[in-house]
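Visitor: Structure in C-alpha cells, see below.
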Amino acid sequence: MATWHYLAGGAVLIGGALLLRSKVDSIAPSGLAVKAGGLTTSEEARLQQLVPSAQVALRRLQARLLELGIGTYVGSTARTEAQQAANVSKGVSATNHSWHRLRRGVDLYPKLPNGQPDLQGTQLEKFRTMHLEAEKFLWRGLAFHKDGSKRYITTNKGKVWDGGHLEFPEGMTWAQAEAAARKGGQLA
C-alpha cells in the first residue's frame, strides 16, 4: 500500500508506483525476477523517462519475455510535442495525441538472433507473443487485431504497421492522462 505524507497542508503520495506494482504483481507469473539486465545505457535512460508505474510494468514485461526466450530492445519512450509533430510529418505516427508525450508509450522490439532490434518486424510471432504478454502487464498495443492479424495505422504518408508500439494508460483516457501529466509536471 502507498504511504501518504502531509507536507505544508497538502497530501503527497510517496511511491506512487506501489499500487500499480501490486496490480502487476498479482498478474505476473510467480517467481518472476525483475531486473534491467542486458539494457544498454541509452536503453536504460529511455526506460527511466517513463512514469514510475510504466517503468515497473515494462521491466516486468521484459523479464517475462526473457523467460520465453525473447530479448527486447527499448526504443523511443518520452517525446516532446515537437518530436511527436515531426513523427506525424514524416508519416511514422498518425496523431499528436501520443502516449509517448505523456511518458506512457514505448517502442519495444524483439531482438534478432544477432542481438539487433527487429525494426522491420521480420519475427512476427515474437511480436505477437510480446503483445499478448504485454496485456498481462497492463500495456496496450496497436499492432494486432484480436484475431492476430496485423493492424495498420493510417498516417499522412499511407498505412504503416507499428509493431513495437505499446501504451500504458492505467485505465485513463488520453485526455485524463494528459491532464494528470500537466498537473504533475510529467508532460514530455
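Letters A, B, ... mark the chains of the C-alpha cells in the order given; residue numbers begin at 1 per chain; ligand numbers begin at 1, in order shown.
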Would you kindly return, as a PyMOL selection string, each protein, DNA or RNA residue with an atom no farther than 12 Å from any atom of region 151-160 of chain A, considering only C-alpha atoms and excluding same-chain residues fewer than 4 positions away?

Guide: chain A and resi 85-96+120-121+128+141-147+164-165

Visitor: Taking only region 12-181 of chain A into account, list the residues labelled strand (DSSP E) by DSSP (computed from the backbone), as a list in words.

Guide: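 Put together, the selection reads Val12, Leu13, Ile14, Thr72, Tyr73, Val74, Gly105, Val106, Asp107, Leu108, Tyr109, Pro110, Arg140, Gly141, Ile153, Thr154, Thr155, Gly158, Lys159, Val160, His165, Leu166 and Glu167 of chain A.
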
Visitor: Would you put the residues from that selection into a file with N, CA and C atoms, as a compact mmCIF listing (two decimals), in the first residue's frame?

Guide:
```txt
# COMPACT_ATOMS: atom_id res chain seq x y z
N VAL A 12 0.93 14.24 -0.09
CA VAL A 12 1.85 13.82 -1.13
C VAL A 12 1.93 12.30 -1.09
N LEU A 13 1.75 11.66 -2.21
CA LEU A 13 1.85 10.21 -2.29
C LEU A 13 3.30 9.85 -2.53
N ILE A 14 3.88 9.08 -1.61
CA ILE A 14 5.25 8.60 -1.75
C ILE A 14 5.19 7.19 -2.34
N THR A 72 14.54 -8.09 -25.66
CA THR A 72 13.90 -6.91 -26.24
C THR A 72 14.84 -5.72 -26.22
N TYR A 73 14.52 -4.77 -27.06
CA TYR A 73 15.25 -3.51 -27.19
C TYR A 73 14.29 -2.37 -26.91
N VAL A 74 14.66 -1.47 -25.99
CA VAL A 74 13.84 -0.31 -25.65
C VAL A 74 14.18 0.82 -26.61
N GLY A 105 4.36 5.74 -23.28
CA GLY A 105 4.47 4.99 -24.53
C GLY A 105 5.90 4.52 -24.72
N VAL A 106 6.04 3.33 -25.29
CA VAL A 106 7.37 2.78 -25.59
C VAL A 106 7.31 2.06 -26.92
N ASP A 107 8.39 2.14 -27.65
CA ASP A 107 8.57 1.32 -28.84
C ASP A 107 9.54 0.22 -28.42
N LEU A 108 9.00 -0.98 -28.26
CA LEU A 108 9.76 -2.13 -27.78
C LEU A 108 9.86 -3.15 -28.90
N TYR A 109 11.06 -3.63 -29.16
CA TYR A 109 11.29 -4.54 -30.29
C TYR A 109 11.95 -5.83 -29.82
N PRO A 110 11.44 -6.98 -30.28
CA PRO A 110 12.17 -8.23 -30.04
C PRO A 110 13.53 -8.14 -30.73
N ARG A 140 -1.00 -1.79 -23.61
CA ARG A 140 -1.92 -1.92 -24.75
C ARG A 140 -1.11 -1.68 -26.02
N GLY A 141 -1.33 -2.52 -27.00
CA GLY A 141 -0.64 -2.37 -28.27
C GLY A 141 -1.59 -2.06 -29.40
N ILE A 153 -1.98 1.44 -39.07
CA ILE A 153 -2.48 2.78 -38.79
C ILE A 153 -2.32 3.62 -40.05
N THR A 154 -3.21 4.55 -40.23
CA THR A 154 -3.16 5.40 -41.41
C THR A 154 -2.52 6.73 -41.04
N THR A 155 -1.42 7.03 -41.71
CA THR A 155 -0.71 8.29 -41.48
C THR A 155 -0.86 9.15 -42.73
N GLY A 158 0.44 7.24 -45.72
CA GLY A 158 -0.13 5.94 -46.04
C GLY A 158 -0.28 5.07 -44.80
N LYS A 159 -0.41 3.77 -45.03
CA LYS A 159 -0.60 2.83 -43.92
C LYS A 159 0.74 2.28 -43.45
N VAL A 160 0.90 2.23 -42.12
CA VAL A 160 2.12 1.68 -41.53
C VAL A 160 1.75 0.70 -40.42
N HIS A 165 5.06 -0.56 -30.88
CA HIS A 165 4.41 0.45 -30.03
C HIS A 165 3.55 -0.18 -28.94
N LEU A 166 3.77 0.26 -27.69
CA LEU A 166 2.95 -0.13 -26.55
C LEU A 166 2.60 1.12 -25.75
N GLU A 167 1.39 1.11 -25.18
CA GLU A 167 0.89 2.23 -24.38
C GLU A 167 0.53 1.74 -22.98
```

Visitor: What residues in region 90-138 of chain A get the DSSP label alpha helix (DSSP H)? Please answer as a VMD selection string.

Guide: chain A and resid 90 124 to 136

Visitor: Emit the selected residues as a compact mmCIF listing (two decimals), in the first residue's frame, including C-alpha atoms.

Guide:
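Done, and the output landed in again-v4.txt:
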```txt
# COMPACT_ATOMS: atom_id res chain seq x y z
CA LYS A 90 7.38 12.02 -41.51
CA LEU A 124 6.11 -11.74 -36.47
CA GLU A 125 5.47 -14.49 -33.89
CA LYS A 126 7.80 -12.81 -31.38
CA PHE A 127 5.89 -9.55 -31.86
CA ARG A 128 2.57 -11.40 -31.35
CA THR A 129 3.90 -13.04 -28.18
CA MET A 130 5.23 -9.69 -26.94
CA HIS A 131 1.83 -8.04 -27.41
CA LEU A 132 -0.07 -10.90 -25.76
CA GLU A 133 2.27 -10.83 -22.76
CA ALA A 134 2.17 -7.02 -22.64
CA GLU A 135 -1.59 -7.12 -21.97
CA LYS A 136 -0.91 -9.18 -18.83
```

Visitor: Might you pull out every residue within 8 Å of region 42-46 of chain A, with only C-alpha atoms counted and same-chain residues fewer than 5 positions away left off, and present them as a short mmCIF file (atom, residue, chain, number, x, y, z; two decimals) with C-alpha atoms, in the first residue's frame?

Guide:
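Contents of result-v9.cif, freshly written:
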```cif
data_model
loop_
_atom_site.label_atom_id
_atom_site.label_comp_id
_atom_site.auth_asym_id
_atom_site.auth_seq_id
_atom_site.Cartn_x
_atom_site.Cartn_y
_atom_site.Cartn_z
CA ALA A 36 17.19 -4.39 -16.03
CA TYR A 73 15.25 -3.51 -27.19
CA VAL A 74 13.84 -0.31 -25.65
CA GLY A 75 13.41 2.25 -28.41
CA SER A 76 11.62 5.58 -28.16
CA THR A 77 9.84 6.47 -24.92
CA ALA A 78 9.15 10.10 -23.93
#
```

Visitor: Using only C-alpha atoms, determine which residues lie at most 12 Å from Lys183 (chain A), disregarding the query and same-chain residues fewer than 6 positions distant; provide the list as an mmCIF file with C-alpha atoms, in the first residue's frame.

Guide:
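Output file selection-v1.cif is given in full below:
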```
data_model
loop_
_atom_site.group_PDB
_atom_site.id
_atom_site.type_symbol
_atom_site.label_atom_id
_atom_site.label_comp_id
_atom_site.auth_asym_id
_atom_site.auth_seq_id
_atom_site.Cartn_x
_atom_site.Cartn_y
_atom_site.Cartn_z
ATOM 1 C CA LEU A 102 2.707 11.513 -21.607
ATOM 2 C CA GLN A 176 -7.228 12.216 -18.446
ATOM 3 C CA ALA A 177 -3.604 11.096 -18.633
#
```

Visitor: Using only C-alpha atoms, which residues sit within 6 Å of Leu50 (chain A) once same-chain residues fewer than 4 positions away are excluded, as a ChimeraX atom specification?

Guide: /A:54-55,103-104

Visitor: Can I get the selected residues back with C-alpha atoms, as a compact mmCIF listing (two decimals), in the first residue's frame?

Guide:
```txt
# COMPACT_ATOMS: atom_id res chain seq x y z
CA ALA A 54 5.18 2.26 -16.51
CA GLN A 55 8.85 1.61 -15.67
CA ARG A 103 5.70 9.32 -20.75
CA ARG A 104 3.43 6.28 -21.11
```

Visitor: May I ask which of the residues A:Gln123, A:Arg101, A:Leu138, A:Asp118 is the closest one to Arg182 (chain A), counting only C-alpha atoms?

Guide: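 The closest residue to Arg182 (chain A) is A:Arg101.
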
Visitor: One decimal, Å: what's the distance from CA of Ser149 (chain A) over to CA of Pro117 (chain A), could you say?

Guide: 21.5 Å

Visitor: So how many Å separate CA of Val51 (chain A) and CA of Leu112 (chain A), to one decimal?

Guide: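 That distance, rounded to one decimal, is 27.9 Å.
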
Visitor: Smallest atom-to-atom distance to His100 (chain A): which of A:Gly69, A:Leu61, A:Asn114, A:Glu81, using only C-alpha atoms?

Guide: A:Glu81
